[in-house]
Amino acid sequence: MAGVLNQKRSFDGGFSCQSETHFPDRYRNLEEIFSRSDRSYSLLGAGLSYTAAGFGSHSDSVSLKDFDRILSFDSQAGEIEVEAGMSLGKLAQFTIPRGWLLAVQPGHPSITVGGCLGADVHGKNHAKDGTFKNQVLSFRLFHPDKGWITADRQTNLSLFDLTCGGYGLSGVVLSIKLRLTAACQKVRMQHHSLASIFELPKVLEELSAKSDLLYSWHDFSSAAKQGRGFVIQGVFEPNIERSINTDPGSEFHFQPLRSIDRGTGLPNVYSNLFIKFLNMGYGHSMKRKIHKVTSENLFESTFPIAKKTIYFDLFGRAGFFEVQLIVPSDRFADFSKAVLAYLQKHSPVVTLGSAKIFKGQANFLRFSGEGICFGVNTPQTESGRKLVEFLNGLASELKLKQNLIKNSTLTSEMVKSGYPDFEAFRTALNQWDSRRRFRSEMSERLAL
Amino acid sequence: MGQPPTVSQRNVRKAGSVNLIVGASGGLGRRLAEQLAQQKQNLLLVSSDARDLCALATDLKIRFEVQAEILEANLSTREGVDQFLDDLKAHSQQLNAAFFPLGYSLTADQMDLTAQQIDAIFSVNLISTIKTVQVLMAVSKNPTLTLAFFGSIAQSRGRNGNIVYASAKRGLTSFFESLKHRSFQKGQVRPYLFQIGYMESQQTLGKKLLFPVSDPNGVAATVLTKIKTKPPGEFYVPGFWRLFCSLLRALPWSVYSRLKF
Ligand SMILES: Cc1cc2nc3c(=O)[nH]c(=O)nc-3n(C[C@H](O)[C@H](O)[C@H](O)COP(=O)(O)OP(=O)(O)OC[C@H]3O[C@@H](n4cnc5c(N)ncnc54)[C@H](O)[C@@H]3O)c2cc1C
């Protein structure tokens, strides 16, 4: 089956290349694509990872966009089986009107369930819901040399473990059975102010057990502001009645997002002055919400960025960097001091600082653990690059876990200290598939 | 022309009738199935791989709460077609409409095909459709059975490419004309022929084409609207292809013979 030679770009703009992509729309096509034993393959969901995790110059990509059907739904137990190419938006459109919700969802409805499993993503309350893996009951995987395999927590457990957060390197996940949680119609939103970033761990800790959604926003437009900001808390309002409303209407409307289109024709517009101005406006709007409880629709509060994707376009074609890492709460103050000192000295443009609270443990290369998950964005400029180098260094020194799917500058040397299971993952992967049929730019860069 | 259905016949059609889609698992067939299901129409889905059919039928049943049955059939061989027709007889009495969005072409179709490949191309693109229609007309109790055929702009004028495929599709055009003529005199069916221009498919992927490629979802919507609002006939989708194909046919041989496409 022929593919298409097309240009691809990671969402952050950090890597681009031309490579062949296959778009199978039938099971037979899919098997046929992998029948060429001389090729290696990458698996593409929506291609919205910040890094090139679903493609690379040395592999053909396989897109599962046409595998997006519902294969079973148990409305009593709250379980659904879907094909891996289904977008979170399409899934929500089906489940929310029927009173169910996927508890762990990353920021944009165009992201696919396959991509969520591949990167074992987190949602807006990791402390309560864990990562995507926690929602996965089982999946069906195709490997060209091994055929079709079902894995869950009883059968093929090691494959289950290798694949959830295995970055598409163990085989093609075709369908996933997911656990759902009861949905509400409205979310009660509350905003809490933070005088500085140092208050963050305490506030998150206090609120986490009482929240369904919990994340923070920080102003890093100058070090003097000490990363002051807000914690945004959402609590699902108990349903008055769970009525099946199958007419979704415009409630679920969103602008599709594509990495290749991000920032087309635009230069980077972010500067320190512009960010100061933006943060001032945003800060004021947030201040007005303090001590007020507002009610938002569930879809919008699950995907707050979906209507604000212009934020990513304004980095221009060149793109941006994101560093996201987990800092243990007891080291968060030292970490923050180091970051603020750097900002004080070098004044790079930080367009966004944001955090969530993480709980639990994780093996292999899953971005999970215990502490504060802290992330910053900066434009792809020289000062941005230097900030990222600094943060990468700090992360290595403090042995922090970096989110591999978000930072295109990482190498294996930088991340090994944060991931004690780095070698164990590599060994398990090679044991599972000695020919290593699945590769991507990210897997090659990290020498996986 | 056949008599318009009476009110009670219309009601029967709405209540329990089924739409047959031959070639339902991907591309236009799948989009037609999805849009019909969205309109709460029951479906009988046919294609060569039960895995695709099962996934599609289950999805439509769950999302739209319609009935969707499946028939796996290999329409590229005579035995496969015969088997399919036997299976179909059990289902065809309540048919509201039959759609034939199936197609099979090979890149080597420049007089480099084996005899078996030629048989397969004719079987999928023409013979299976003719045989199916004959069975449907014999067993269907619907006095106004809608039939939708899907031709190709490739059949408008023969060229050195898709030679056998275009011949089969030209045959389909002739079959449609005959049915139209017959139905004008005797009623019974409402035949539509849609000549489809470039449409996103495994065949158009990555190709640099002269004209825009349409999205199967849009094509499916156009097809269903035309069937609802227009009397039977031949339609080009998108419409500009009618003009293009007429011009192509009108070109003098001295010019046409030099074209490379
Ligand atoms: C606006 C925005 C907000 C985001 N917010 C968050 C967030 O809150 N939390 C978070 O954790 N992440 C977040 N992300 C990152 C994003 O959730 C992940 O990168 C996710 O993996 C992207 O999924 P995708 O469908 O785009 O898949 P891709 O980027 O195409 O693929 C991701 C990985 O999954 C693998 N994969 C895809 N499909 C399959 C399959 N069928 N079988 C096996 N492997 C497969 C790929 O090979 C690749 O390694 C965000 C991204 C954006 C653009």
# chains A, B, ... in the order shown; residues from 1 in each chain; ligands from 1
$ residues_near_ligand --ligand "ligand 1" --cutoff "7 Å" --atoms "only C-alpha atoms and all ligand atoms" --output "number ranges by chain"
A: 11, 42-50, 53-54, 64, 84-85, 105-108, 111-124, 167-169, 171-174, 305, 405-406
$ residues_around --residues "segment 64-75 of chain B" --least-positions-apart "5" --cutoff "8 Å" --atoms "only C-alpha atoms" --output "list in words"
Ala37, Gln38, Lys40, Gln41, Asn42, Leu43, Leu44, Leu45, Val46, Ser47, Ser48, Asp49, Ala50, Leu53, Cys54, Ala57, Thr58, Gly80, Val81, Gln83, Phe84, Asp87, Ala120, Ser123, Val124 and Ser128 of chain B
$ closest_atom_pairs --of "chain B" --to "chain A" --cutoff "9 Å" --atoms "only C-alpha atoms" --output "CSV"
residue,atom,partner,partner_atom,distance
B:Ser25,CA,A:Arg26,CA,7.1
B:Gly26,CA,A:Asp25,CA,6.1
B:Gly27,CA,A:Asp25,CA,7.8
B:Asp49,CA,A:Arg28,CA,7.7
B:Arg51,CA,A:Tyr27,CA,6.9
B:Asp52,CA,A:Arg26,CA,6.1
B:Cys54,CA,A:Leu71,CA,8.5
B:Ala55,CA,A:Leu71,CA,6.0
B:Leu56,CA,A:Arg69,CA,6.8
B:Ala57,CA,A:Leu71,CA,9.0
B:Thr58,CA,A:Leu71,CA,5.8
B:Asp59,CA,A:Ile70,CA,4.7
B:Leu60,CA,A:Ile70,CA,8.2
B:Ile62,CA,A:Phe73,CA,7.2
B:Arg63,CA,A:Phe94,CA,7.3
B:Gln202,CA,A:Ala2,CA,7.6
B:Gln203,CA,A:Ala2,CA,8.4
B:Leu205,CA,A:Val4,CA,6.1
B:Gly206,CA,A:Val4,CA,4.5
B:Lys207,CA,A:Val4,CA,8.0
$ residues_around --residues "segment 225-227 of chain A" --least-positions-apart "4" --cutoff "12 Å" --atoms "only C-alpha atoms" --output "ChimeraX atom specification"
/A:193-200,216-221,276,279-280,283,333,336-344,350,352-355,374,376
$ atom_distance --atom1 "atom CA of Thr129 of chain B" --atom2 "atom CA of Thr107 of chain B"
22.5 Å
$ select_by_dssp --residues "segment 43-209 of chain A" --states "helix (DSSP H, G or I)" --output "PDB file with N, CA, C and O atoms, in the first residue's frame"
ATOM      1  N   LEU A  88     -10.156  12.700  21.524  1.00  0.00           N
ATOM      2  CA  LEU A  88     -10.805  12.896  22.821  1.00  0.00           C
ATOM      3  C   LEU A  88     -12.088  13.694  22.648  1.00  0.00           C
ATOM      4  O   LEU A  88     -13.067  13.488  23.363  1.00  0.00           O
ATOM      5  N   GLY A  89     -12.096  14.608  21.663  1.00  0.00           N
ATOM      6  CA  GLY A  89     -13.297  15.418  21.411  1.00  0.00           C
ATOM      7  C   GLY A  89     -14.462  14.552  20.981  1.00  0.00           C
ATOM      8  O   GLY A  89     -15.586  14.688  21.481  1.00  0.00           O
ATOM      9  N   LYS A  90     -14.186  13.631  20.059  1.00  0.00           N
ATOM     10  CA  LYS A  90     -15.255  12.747  19.567  1.00  0.00           C
ATOM     11  C   LYS A  90     -15.739  11.833  20.693  1.00  0.00           C
ATOM     12  O   LYS A  90     -16.933  11.565  20.821  1.00  0.00           O
ATOM     13  N   LEU A  91     -14.788  11.386  21.496  1.00  0.00           N
ATOM     14  CA  LEU A  91     -15.151  10.508  22.610  1.00  0.00           C
ATOM     15  C   LEU A  91     -16.037  11.256  23.611  1.00  0.00           C
ATOM     16  O   LEU A  91     -17.080  10.750  24.041  1.00  0.00           O
ATOM     17  N   ALA A  92     -15.626  12.481  23.936  1.00  0.00           N
ATOM     18  CA  ALA A  92     -16.397  13.277  24.903  1.00  0.00           C
ATOM     19  C   ALA A  92     -17.794  13.570  24.368  1.00  0.00           C
ATOM     20  O   ALA A  92     -18.768  13.549  25.121  1.00  0.00           O
ATOM     21  N   GLN A  93     -17.860  13.838  23.066  1.00  0.00           N
ATOM     22  CA  GLN A  93     -19.150  14.110  22.436  1.00  0.00           C
ATOM     23  C   GLN A  93     -20.122  12.948  22.609  1.00  0.00           C
ATOM     24  O   GLN A  93     -21.314  13.129  22.707  1.00  0.00           O
ATOM     25  N   PHE A  94     -19.566  11.746  22.661  1.00  0.00           N
ATOM     26  CA  PHE A  94     -20.417  10.570  22.861  1.00  0.00           C
ATOM     27  C   PHE A  94     -20.696  10.324  24.340  1.00  0.00           C
ATOM     28  O   PHE A  94     -21.833  10.095  24.739  1.00  0.00           O
ATOM     29  N   THR A  95     -19.653  10.392  25.164  1.00  0.00           N
ATOM     30  CA  THR A  95     -19.837   9.951  26.557  1.00  0.00           C
ATOM     31  C   THR A  95     -20.521  11.000  27.445  1.00  0.00           C
ATOM     32  O   THR A  95     -21.360  10.635  28.267  1.00  0.00           O
ATOM     33  N   ILE A  96     -20.164  12.265  27.273  1.00  0.00           N
ATOM     34  CA  ILE A  96     -20.699  13.280  28.211  1.00  0.00           C
ATOM     35  C   ILE A  96     -22.232  13.330  28.185  1.00  0.00           C
ATOM     36  O   ILE A  96     -22.860  13.266  29.245  1.00  0.00           O
ATOM     37  N   PRO A  97     -22.856  13.382  27.005  1.00  0.00           N
ATOM     38  CA  PRO A  97     -24.321  13.399  27.033  1.00  0.00           C
ATOM     39  C   PRO A  97     -24.923  12.144  27.660  1.00  0.00           C
ATOM     40  O   PRO A  97     -26.069  12.139  28.070  1.00  0.00           O
ATOM     41  N   ARG A  98     -24.145  11.077  27.722  1.00  0.00           N
ATOM     42  CA  ARG A  98     -24.643   9.829  28.324  1.00  0.00           C
ATOM     43  C   ARG A  98     -24.218   9.699  29.787  1.00  0.00           C
ATOM     44  O   ARG A  98     -24.351   8.637  30.386  1.00  0.00           O
ATOM     45  N   VAL A 113      -6.875   8.892  21.594  1.00  0.00           N
ATOM     46  CA  VAL A 113      -6.698   7.982  22.730  1.00  0.00           C
ATOM     47  C   VAL A 113      -5.420   7.150  22.552  1.00  0.00           C
ATOM     48  O   VAL A 113      -4.743   6.832  23.540  1.00  0.00           O
ATOM     49  N   GLY A 114      -5.063   6.841  21.304  1.00  0.00           N
ATOM     50  CA  GLY A 114      -3.808   6.109  21.049  1.00  0.00           C
ATOM     51  C   GLY A 114      -2.612   6.920  21.520  1.00  0.00           C
ATOM     52  O   GLY A 114      -1.688   6.398  22.154  1.00  0.00           O
ATOM     53  N   GLY A 115      -2.627   8.212  21.208  1.00  0.00           N
ATOM     54  CA  GLY A 115      -1.548   9.112  21.631  1.00  0.00           C
ATOM     55  C   GLY A 115      -1.502   9.229  23.141  1.00  0.00           C
ATOM     56  O   GLY A 115      -0.425   9.321  23.738  1.00  0.00           O
ATOM     57  N   CYS A 116      -2.673   9.222  23.779  1.00  0.00           N
ATOM     58  CA  CYS A 116      -2.728   9.320  25.250  1.00  0.00           C
ATOM     59  C   CYS A 116      -2.115   8.082  25.883  1.00  0.00           C
ATOM     60  O   CYS A 116      -1.412   8.167  26.891  1.00  0.00           O
ATOM     61  N   LEU A 117      -2.387   6.934  25.280  1.00  0.00           N
ATOM     62  CA  LEU A 117      -1.829   5.693  25.826  1.00  0.00           C
ATOM     63  C   LEU A 117      -0.318   5.658  25.576  1.00  0.00           C
ATOM     64  O   LEU A 117       0.465   5.324  26.473  1.00  0.00           O
ATOM     65  N   GLY A 118       0.081   6.043  24.335  1.00  0.00           N
ATOM     66  CA  GLY A 118       1.496   6.012  23.964  1.00  0.00           C
ATOM     67  C   GLY A 118       2.352   6.852  24.901  1.00  0.00           C
ATOM     68  O   GLY A 118       3.471   6.471  25.238  1.00  0.00           O
ATOM     69  N   HIS A 126      -3.823  14.767  38.596  1.00  0.00           N
ATOM     70  CA  HIS A 126      -3.044  13.535  38.665  1.00  0.00           C
ATOM     71  C   HIS A 126      -3.142  12.918  40.061  1.00  0.00           C
ATOM     72  O   HIS A 126      -3.215  11.695  40.216  1.00  0.00           O
ATOM     73  N   ALA A 127      -3.184  13.777  41.087  1.00  0.00           N
ATOM     74  CA  ALA A 127      -3.202  13.264  42.460  1.00  0.00           C
ATOM     75  C   ALA A 127      -4.434  12.404  42.693  1.00  0.00           C
ATOM     76  O   ALA A 127      -4.393  11.440  43.451  1.00  0.00           O
ATOM     77  N   LYS A 128      -5.536  12.741  42.021  1.00  0.00           N
ATOM     78  CA  LYS A 128      -6.768  11.982  42.228  1.00  0.00           C
ATOM     79  C   LYS A 128      -6.903  10.827  41.221  1.00  0.00           C
ATOM     80  O   LYS A 128      -7.299   9.730  41.591  1.00  0.00           O
ATOM     81  N   ASP A 129      -6.573  11.098  39.969  1.00  0.00           N
ATOM     82  CA  ASP A 129      -6.888  10.131  38.912  1.00  0.00           C
ATOM     83  C   ASP A 129      -5.682   9.385  38.355  1.00  0.00           C
ATOM     84  O   ASP A 129      -5.843   8.470  37.548  1.00  0.00           O
ATOM     85  N   PHE A 132      -3.102   8.250  32.366  1.00  0.00           N
ATOM     86  CA  PHE A 132      -4.024   7.596  31.434  1.00  0.00           C
ATOM     87  C   PHE A 132      -4.049   6.077  31.654  1.00  0.00           C
ATOM     88  O   PHE A 132      -5.089   5.441  31.535  1.00  0.00           O
ATOM     89  N   LYS A 133      -2.886   5.529  31.996  1.00  0.00           N
ATOM     90  CA  LYS A 133      -2.783   4.077  32.207  1.00  0.00           C
ATOM     91  C   LYS A 133      -3.844   3.590  33.206  1.00  0.00           C
ATOM     92  O   LYS A 133      -4.387   2.490  33.046  1.00  0.00           O
ATOM     93  N   ASN A 134      -4.105   4.411  34.215  1.00  0.00           N
ATOM     94  CA  ASN A 134      -5.108   4.019  35.218  1.00  0.00           C
ATOM     95  C   ASN A 134      -6.491   3.841  34.618  1.00  0.00           C
ATOM     96  O   ASN A 134      -7.339   3.177  35.203  1.00  0.00           O
ATOM     97  N   GLN A 135      -6.743   4.474  33.491  1.00  0.00           N
ATOM     98  CA  GLN A 135      -8.077   4.401  32.881  1.00  0.00           C
ATOM     99  C   GLN A 135      -8.165   3.234  31.893  1.00  0.00           C
ATOM    100  O   GLN A 135      -9.220   2.937  31.370  1.00  0.00           O
ATOM    101  N   LEU A 157       0.824  -8.952  30.969  1.00  0.00           N
ATOM    102  CA  LEU A 157       1.030  -7.778  31.824  1.00  0.00           C
ATOM    103  C   LEU A 157       2.299  -7.006  31.444  1.00  0.00           C
ATOM    104  O   LEU A 157       2.321  -5.772  31.455  1.00  0.00           O
ATOM    105  N   SER A 158       3.366  -7.743  31.069  1.00  0.00           N
ATOM    106  CA  SER A 158       4.604  -7.011  30.763  1.00  0.00           C
ATOM    107  C   SER A 158       4.441  -6.176  29.492  1.00  0.00           C
ATOM    108  O   SER A 158       4.973  -5.068  29.398  1.00  0.00           O
ATOM    109  N   LEU A 159       3.656  -6.684  28.549  1.00  0.00           N
ATOM    110  CA  LEU A 159       3.395  -5.894  27.336  1.00  0.00           C
ATOM    111  C   LEU A 159       2.526  -4.680  27.682  1.00  0.00           C
ATOM    112  O   LEU A 159       2.724  -3.576  27.163  1.00  0.00           O
ATOM    113  N   PHE A 160       1.577  -4.893  28.584  1.00  0.00           N
ATOM    114  CA  PHE A 160       0.704  -3.811  29.034  1.00  0.00           C
ATOM    115  C   PHE A 160       1.569  -2.689  29.614  1.00  0.00           C
ATOM    116  O   PHE A 160       1.414  -1.514  29.288  1.00  0.00           O
ATOM    117  N   ASP A 161       2.513  -3.085  30.440  1.00  0.00           N
ATOM    118  CA  ASP A 161       3.378  -2.139  31.126  1.00  0.00           C
ATOM    119  C   ASP A 161       4.328  -1.428  30.162  1.00  0.00           C
ATOM    120  O   ASP A 161       4.611  -0.244  30.301  1.00  0.00           O
ATOM    121  N   LEU A 162       4.782  -2.172  29.167  1.00  0.00           N
ATOM    122  CA  LEU A 162       5.737  -1.616  28.202  1.00  0.00           C
ATOM    123  C   LEU A 162       5.046  -0.644  27.240  1.00  0.00           C
ATOM    124  O   LEU A 162       5.671   0.278  26.719  1.00  0.00           O
ATOM    125  N   THR A 163       3.759  -0.865  27.003  1.00  0.00           N
ATOM    126  CA  THR A 163       3.063  -0.108  25.963  1.00  0.00           C
ATOM    127  C   THR A 163       2.404   1.166  26.486  1.00  0.00           C
ATOM    128  O   THR A 163       2.376   2.177  25.789  1.00  0.00           O
ATOM    129  N   ILE A 197       5.402  31.881  44.015  1.00  0.00           N
ATOM    130  CA  ILE A 197       5.433  30.456  43.665  1.00  0.00           C
ATOM    131  C   ILE A 197       5.696  29.570  44.882  1.00  0.00           C
ATOM    132  O   ILE A 197       5.328  28.397  44.904  1.00  0.00           O
ATOM    133  N   PHE A 198       6.306  30.172  45.906  1.00  0.00           N
ATOM    134  CA  PHE A 198       6.651  29.374  47.085  1.00  0.00           C
ATOM    135  C   PHE A 198       5.414  28.875  47.843  1.00  0.00           C
ATOM    136  O   PHE A 198       5.478  27.929  48.599  1.00  0.00           O
ATOM    137  N   GLU A 199       4.290  29.543  47.641  1.00  0.00           N
ATOM    138  CA  GLU A 199       3.047  29.106  48.317  1.00  0.00           C
ATOM    139  C   GLU A 199       2.405  27.903  47.622  1.00  0.00           C
ATOM    140  O   GLU A 199       1.472  27.298  48.141  1.00  0.00           O
ATOM    141  N   LEU A 200       2.875  27.625  46.429  1.00  0.00           N
ATOM    142  CA  LEU A 200       2.176  26.658  45.575  1.00  0.00           C
ATOM    143  C   LEU A 200       1.992  25.261  46.187  1.00  0.00           C
ATOM    144  O   LEU A 200       0.865  24.755  46.239  1.00  0.00           O
ATOM    145  N   PRO A 201       3.076  24.595  46.668  1.00  0.00           N
ATOM    146  CA  PRO A 201       2.893  23.215  47.128  1.00  0.00           C
ATOM    147  C   PRO A 201       1.825  23.090  48.206  1.00  0.00           C
ATOM    148  O   PRO A 201       0.998  22.190  48.170  1.00  0.00           O
ATOM    149  N   LYS A 202       1.814  24.055  49.142  1.00  0.00           N
ATOM    150  CA  LYS A 202       0.867  23.981  50.246  1.00  0.00           C
ATOM    151  C   LYS A 202      -0.572  24.095  49.731  1.00  0.00           C
ATOM    152  O   LYS A 202      -1.440  23.301  50.107  1.00  0.00           O
ATOM    153  N   VAL A 203      -0.795  25.064  48.858  1.00  0.00           N
ATOM    154  CA  VAL A 203      -2.161  25.285  48.350  1.00  0.00           C
ATOM    155  C   VAL A 203      -2.622  24.061  47.536  1.00  0.00           C
ATOM    156  O   VAL A 203      -3.742  23.573  47.715  1.00  0.00           O
ATOM    157  N   LEU A 204      -1.751  23.560  46.679  1.00  0.00           N
ATOM    158  CA  LEU A 204      -2.143  22.394  45.868  1.00  0.00           C
ATOM    159  C   LEU A 204      -2.446  21.198  46.769  1.00  0.00           C
ATOM    160  O   LEU A 204      -3.423  20.480  46.564  1.00  0.00           O
ATOM    161  N   GLU A 205      -1.597  21.017  47.755  1.00  0.00           N
ATOM    162  CA  GLU A 205      -1.772  19.898  48.688  1.00  0.00           C
ATOM    163  C   GLU A 205      -3.125  19.992  49.391  1.00  0.00           C
ATOM    164  O   GLU A 205      -3.860  19.012  49.489  1.00  0.00           O
ATOM    165  N   GLU A 206      -3.447  21.205  49.839  1.00  0.00           N
ATOM    166  CA  GLU A 206      -4.713  21.393  50.562  1.00  0.00           C
ATOM    167  C   GLU A 206      -5.930  21.120  49.687  1.00  0.00           C
ATOM    168  O   GLU A 206      -6.927  20.567  50.130  1.00  0.00           O
ATOM    169  N   LEU A 207      -5.819  21.542  48.433  1.00  0.00           N
ATOM    170  CA  LEU A 207      -7.007  21.482  47.574  1.00  0.00           C
ATOM    171  C   LEU A 207      -7.173  20.157  46.838  1.00  0.00           C
ATOM    172  O   LEU A 207      -8.265  19.835  46.377  1.00  0.00           O
ATOM    173  N   SER A 208      -6.088  19.398  46.704  1.00  0.00           N
ATOM    174  CA  SER A 208      -6.129  18.287  45.744  1.00  0.00           C
ATOM    175  C   SER A 208      -7.223  17.254  46.043  1.00  0.00           C
ATOM    176  O   SER A 208      -7.913  16.800  45.143  1.00  0.00           O
TER     177      SER A 208
END
$ atom_distance --atom1 "atom CA of Glu31 of chain A" --atom2 "atom CA of His58 of chain A"
20.1 Å
$ select_by_dssp --residues "segment 53-155 of chain B" --states "strand (DSSP E or B)" --output "PyMOL selection string"
chain B and resi 68-72+95-100+144-152
$ residues_around --residues "segment 233-244 of chain B" --least-positions-apart "4" --cutoff "8 Å" --atoms "only C-alpha atoms" --output "NGL selection string"
:B and (153 or 180 or 191-197 or 214 or 219 or 222 or 248)
$ write_last_selection --atoms "N, CA, C and O atoms" --output "CSV table (one decimal), in the first residue's frame"
chain,number,residue,atom,x,y,z
B,153,ILE,N,-15.0,9.4,-13.4
B,153,ILE,CA,-14.7,10.3,-14.5
B,153,ILE,C,-13.7,9.5,-15.5
B,153,ILE,O,-13.6,9.9,-16.6
B,180,LYS,N,-32.6,3.0,-16.4
B,180,LYS,CA,-33.4,4.2,-16.3
B,180,LYS,C,-34.5,4.1,-17.4
B,180,LYS,O,-35.6,4.5,-17.1
B,191,PRO,N,-33.2,4.6,-10.5
B,191,PRO,CA,-31.7,4.5,-10.6
B,191,PRO,C,-31.0,5.9,-10.6
B,191,PRO,O,-31.5,6.8,-11.3
B,192,TYR,N,-29.9,6.0,-9.9
B,192,TYR,CA,-29.1,7.2,-9.9
B,192,TYR,C,-27.7,6.8,-10.2
B,192,TYR,O,-27.2,5.7,-9.8
B,193,LEU,N,-27.0,7.6,-11.0
B,193,LEU,CA,-25.6,7.3,-11.3
B,193,LEU,C,-24.8,8.5,-10.9
B,193,LEU,O,-25.0,9.6,-11.4
B,194,PHE,N,-23.8,8.3,-10.0
B,194,PHE,CA,-23.0,9.4,-9.6
B,194,PHE,C,-21.6,9.2,-10.2
B,194,PHE,O,-20.9,8.2,-9.9
B,195,GLN,N,-21.2,10.1,-11.1
B,195,GLN,CA,-19.8,10.1,-11.6
B,195,GLN,C,-18.9,10.9,-10.7
B,195,GLN,O,-19.1,12.1,-10.6
B,196,ILE,N,-18.1,10.2,-10.0
B,196,ILE,CA,-17.3,10.8,-9.0
B,196,ILE,C,-15.9,11.3,-9.5
B,196,ILE,O,-15.2,10.5,-10.2
B,197,GLY,N,-15.6,12.6,-9.2
B,197,GLY,CA,-14.3,13.1,-9.6
B,197,GLY,C,-13.3,12.7,-8.7
B,197,GLY,O,-13.4,11.7,-8.0
B,214,SER,N,-11.9,15.8,-3.6
B,214,SER,CA,-13.0,16.1,-2.6
B,214,SER,C,-13.0,15.0,-1.5
B,214,SER,O,-12.4,14.0,-1.6
B,219,VAL,N,-18.9,14.3,-0.4
B,219,VAL,CA,-19.5,13.6,-1.5
B,219,VAL,C,-20.7,12.8,-1.0
B,219,VAL,O,-21.8,12.8,-1.7
B,222,THR,N,-23.6,15.1,-0.5
B,222,THR,CA,-24.2,15.5,-1.8
B,222,THR,C,-25.1,14.4,-2.4
B,222,THR,O,-26.2,14.6,-2.9
B,248,LEU,N,-13.6,17.0,-22.7
B,248,LEU,CA,-12.7,15.9,-23.0
B,248,LEU,C,-13.2,15.1,-24.1
B,248,LEU,O,-12.5,14.7,-25.1
